[in-house]
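In what follows, a structure is listed as structure tokens, so that the remarks can point back to it.
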Amino acid sequence: MKKILSLLLAAFMVLSMIPALSETAPLEISMYYSDNSTLPFREDWPVLLAIQEKYNVKLNVAPIPIADYTTKVGLALSTGQNAPDVIVGSSTGGANASLALNGAIVPLSDYAEWTPHFNARVAEFGMENEVNSLSLSDGKRYYLPALYDKPFYDGGLILREDFLLAKGLDAPKTYDDLYEILKAYKAEYPDAFPLTTIVAPRVLYRMTMPSFGVSVGLNAATGTGTLSWDYDNMEYFAGAVSEQYKNFVTFFNKLHAEGLLDPEMTQDATSTSQKLATGKAMATYGYYDQMGGWSQGSEIEGFRLQMYPPLEGTAGAHHQPKNRTAGGLLFPIGTAQRPDFEQVVRKIDEIFFSEEAATMWCIGIEGDSYTMDGDTIVYSDTIKSAEEGIYKYMQNAYGAGCDGLQLVWYNAREMTKYDENYASINAAVAAMEDAIQYIPPTPSFDDMTAEDAALLQTTLLDTFEVWNDSFLTGKKSIENDWDAYVEEMNSKGMEEFLKIYNDNKKM
């Protein structure tokens, strides 16, 4: 009898533990997130909440203004102070390579067995070579990149199509065409600054510079700020002091001097929207999903925006370079000190790269934002009727389709969130030769070389930013002050910086 009672008591104790086991506290993970004023972070986004509930995780997200993000991330990695568990939207390009090689970032390739979902998506897309190319000189890869089955044209020149039709002007194909359109608008509305920016000039720069054969500044395709990639000769060149950059800044200086470029180049999203909606501006470089919101805010009769394929400049017609990989997730080395480090890595892999989670980050929650009719995605009536368009509405209302949080991108699925017009624009861009060039390869630095490169990069970029603003606004003369500019850049190590990159380039 005693044995029977003991067995019954043990069975009761086991059964009583089952509810407690099923109510395990969620795994808490802190995270840095790059916050954009055109899409401000919301902790109550339905997709974010659904992901946390489904996967029993609590994401403590710290949104950081995009303009400060690189600095904040660099400080957290270099000092280790107040570093989060995970940093989103980052890579090991530029200064992060030095930090990685000096032990500030977890080498995730050492823990490949903990990222089965990421591995599966890489295999599904056939991207083994692209992902392997992200390894640094020690043969290790330090982040989980965002993955694209194919690159697509998500933003570019956006301008008032209704104005073109009213004036009998053709759609622009070159930067000279754009100049003439902006001049015509200025003549009609003298108080306007026809071409404006979104958030900051970096978007304008990264979308226009490639057509002049260069990519420099904060969003340089090389991640260096002042070096560019020669696609013909497969090597780096000193883009910031090149004739290509000189051609670029000369063109935009002309726009500024003639009142065709908005002098208020750094502004919030509301300011940009108001300028376009009221006719104070008629063009910008931005993203297709933003057009609906801008149009919605206008009371101008017949107001209609359109996005156009890349314009041809002095080096052809090119958009900002893109790869099938992009900035993704990296772990500060302090995260590896967590006793549940393996759980953290596995959980992050699951909530961003598993098939079901990737679907949620893209199109939301089945039965709420969409239903399935066979293999066809059918969005809710509220989403389909949103004036700003499906994509932008889902970003703002659901948190779906946000860079940094959505890390798996299927082109065909993305196209379901856009209209036929967008699909036709993408088809036109796809038919153009090298409209979207690849992002230059990351060099293979050892840790000391990476540290030297990082120091030079910071000094050169700071110097370039000052001169670029002066050339653009006319505070410095491109004709008279160019030699002094080149001399100063060389004195700050431009030639040494270039040599370091070419000596260590990998293909």
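We name chains A, B, ... following the order of the structure tokens; residues begin at 1 in each chain, and ligands are numbered from 1 as shown.
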
Applying 8 Å and only C-alpha atoms, which residues near A:Pro440 remain after dropping the ones on its own chain fewer than 3 positions away? List them as a PDB file with N, CA and C atoms, in the first residue's frame.
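Result written to result.pdb:
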ATOM      1  N   ALA A 221      28.534  52.408 -51.560  1.00  0.00           N
ATOM      2  CA  ALA A 221      28.333  50.976 -51.803  1.00  0.00           C
ATOM      3  C   ALA A 221      29.469  50.130 -51.252  1.00  0.00           C
ATOM      4  N   THR A 222      30.679  50.692 -51.169  1.00  0.00           N
ATOM      5  CA  THR A 222      31.814  49.947 -50.636  1.00  0.00           C
ATOM      6  C   THR A 222      31.815  49.904 -49.123  1.00  0.00           C
ATOM      7  N   TRP A 229      33.997  51.473 -56.507  1.00  0.00           N
ATOM      8  CA  TRP A 229      34.398  50.241 -57.178  1.00  0.00           C
ATOM      9  C   TRP A 229      34.363  50.436 -58.686  1.00  0.00           C
TER      10      TRP A 229
END

Worksheet entry | All residues 12 Å or closer to A:Asn129, only C-alpha atoms, same chain fewer than 4 positions away omitted, as a ChimeraX atom specification | /A:122-123,125,133-135,324-325,507

Practice prompt. Return the single residue from A:Met448, A:Leu460, A:Leu218, A:Ala112 that is closest to A:Leu99, with distances computed using only C-alpha atoms.
Written response: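 The answer is A:Met448, which sits nearest to A:Leu99.
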
Worksheet item: Residues of stretch 234-408 of chain A in helix (DSSP H, G or I) according to DSSP, as a VMD selection string?
Response: chain A and resid 239 to 241 243 to 257 269 to 278 288 to 296 333 to 337 341 to 353 355 to 363 381 to 384 390 to 398

Worksheet item: For A:Ala220, which residue out of A:Tyr398, A:Pro321, A:Lys54, A:Ala315 is the nearest one, using only C-alpha atoms?
Response: A:Pro321

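In terms of minimum interatomic distance to A:Trp294, A:Lys275 ranks closest within A:Lys275, A:Lys347, A:Lys505, A:Lys280, counting only C-alpha atoms.
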